[in-house]
Amino acid sequence: MFSGSFVAIVTPLSNGAFDEKAMGDLIEFHISKGTHGIVPCGTTGESATLTPKEHERVVAFTVEAANKRIPVIAGTGSNSTDEAIMFTKHAKTVGADGALLITPYYNKPTQEGLFQHFEAVAKAVDLPQILYNIPGRTGINMQAATTARLSHHPSIVGIKEGSGSLQQVSEIIHSSKPDFLILSGDDPLTLPMMALGGKGVITVTANVAPTDMAHMVSAALKGDYEQARTFHFKLTPLFSALFLETNPIPVKAALAMMGKMSDEVRLPLTPLANEYRPQLQEALQQAGVL
């Protein structure tokens, strides 16, 4: 159900407010260009600075606009277990197909704390849930053994793994239940992760190059690694350029260059520095999207 290229979609802003018109246009863009699913209110969607009301509106709007044409996995994680349960219940109520739950940030819980946090959400809400491990953002790494324990809960169907460690990915696949879904949380590692048994990616790059990301993942799922490598190397300049500054600063700048939306971000993020704009523009041109 959740294999393929899922875009970690940005949250368009206009004069500080959620730009629903731009979001609707982006969703249509992704559906027309072959993206397999949409993930609103993740890190790329600036979830950390959305108010609870905004968060719920972005999720509900995405579900409405997608209209079951492709799956929507709502970002519902929090460093507060009660808030994560609240957002996950809301996602289920409005019709999201699943939820993406980041490891609690700043708290720095123990491995047992991580286990109990995710177990509490899974027990509270009957909705397919994907864990999200990204130590570079949260300050804590969920170890493979903890992920494997959680994999046996019926509501926990997979993980977006962004540790940057292929060894950890290998350990998760080896020790988790057989049908546990592994999605890449690191665009440049998507192809090697899929070679190990991953089923796709929740991707920043698909915001600007949806068709090529979808083709790369589809080829790998079919076992056509020669074709998948062709797309991987075509996209490599973007994998770097979209992280010249903190995500989603560069990807919003890229979408603005493409005429899709404003590059507005919410403080404490700031627009892309001028020194990086030529490099980003060149990468977009090399990838054939500008």
# chains A, B, ... in the order shown; residues from 1 in each chain; ligands from 1
>>> residues_around(residues="region 160-174 of chain A", least_positions_apart="6", cutoff="7 Å", atoms="only C-alpha atoms", output="list in words")
Ile130, Leu131, Tyr132, Asn133, Ile134, Pro135, Ala144, Thr147, Ala148, Ile182, Leu183, Ser184, Gly185, Asp186, Met193 and Leu196 of chain A
>>> residues_around(residues="region 38-49 of chain A", least_positions_apart="5", cutoff="6 Å", atoms="only C-alpha atoms", output="VMD selection string")
chain A and resid 6 to 11 72 to 75 248
>>> closest_residue(among="A:Ala60, A:Ala17, A:Ala206, A:Ala96", to="Ile31 (chain A)", atoms="only C-alpha atoms")
A:Ala206
>>> atom_distance(atom1="CA of Ala65 (chain A)", atom2="CA of Val94 (chain A)")
11.9 Å
>>> residues_around(residues="region 110-124 of chain A", least_positions_apart="6", cutoff="10 Å", atoms="only C-alpha atoms", output="ChimeraX atom specification")
/A:77,79-89,101-104,130-131,140-143,145-147,149-150,153-156
>>> write_last_selection(atoms="C-alpha atoms", output="short mmCIF file (atom, residue, chain, number, x, y, z; two decimals), in the first residue's frame")
data_model
loop_
_atom_site.label_atom_id
_atom_site.label_comp_id
_atom_site.auth_asym_id
_atom_site.auth_seq_id
_atom_site.Cartn_x
_atom_site.Cartn_y
_atom_site.Cartn_z
CA GLY A 77 4.45 13.01 15.32
CA ASN A 79 7.73 15.15 21.25
CA SER A 80 4.56 14.94 23.37
CA THR A 81 2.93 11.52 23.30
CA ASP A 82 -0.50 12.99 24.03
CA GLU A 83 -0.17 15.45 21.15
CA ALA A 84 0.98 12.69 18.78
CA ILE A 85 -2.13 10.71 19.72
CA MET A 86 -4.31 13.79 19.16
CA PHE A 87 -2.86 14.48 15.69
CA THR A 88 -3.07 10.78 14.72
CA LYS A 89 -6.71 10.58 15.80
CA LEU A 101 5.43 9.61 13.47
CA ILE A 102 8.84 11.12 14.11
CA THR A 103 10.86 10.08 17.13
CA PRO A 104 10.35 12.60 19.96
CA ILE A 130 5.04 4.53 9.92
CA LEU A 131 7.80 5.38 12.36
CA ILE A 140 18.19 10.57 19.28
CA ASN A 141 18.70 7.42 17.19
CA MET A 142 16.10 4.68 17.43
CA GLN A 143 18.16 1.52 17.37
CA ALA A 145 16.36 -3.58 18.07
CA THR A 146 13.74 -1.04 19.18
CA THR A 147 12.32 -0.77 15.67
CA ARG A 149 10.19 -4.72 18.75
CA LEU A 150 7.72 -2.15 17.44
CA HIS A 153 2.43 -4.20 16.65
CA PRO A 154 -0.34 -4.60 14.06
CA SER A 155 -0.82 -0.84 13.58
CA ILE A 156 2.90 -0.17 13.02
#
>>> closest_residue(among="A:Asn207, A:Thr236, A:Asn107, A:Gln286", to="Ala256 (chain A)", atoms="only C-alpha atoms")
A:Asn207
>>> select_by_dssp(residues="region 13-225 of chain A", states="helix (DSSP H, G or I)", output="JSON, numbers by chain")
{"A": [20, 21, 22, 23, 24, 25, 26, 27, 28, 29, 30, 31, 32, 33, 47, 48, 49, 52, 53, 54, 55, 56, 57, 58, 59, 60, 61, 62, 63, 64, 65, 66, 81, 82, 83, 84, 85, 86, 87, 88, 89, 90, 91, 92, 93, 94, 111, 112, 113, 114, 115, 116, 117, 118, 119, 120, 121, 122, 123, 124, 135, 136, 137, 138, 144, 145, 146, 147, 148, 149, 150, 166, 167, 168, 169, 170, 171, 172, 173, 174, 175, 187, 188, 189, 190, 191, 192, 193, 194, 195, 196, 205, 206, 207, 210, 211, 212, 213, 214, 215, 216, 217, 218, 219, 220, 221, 225]}
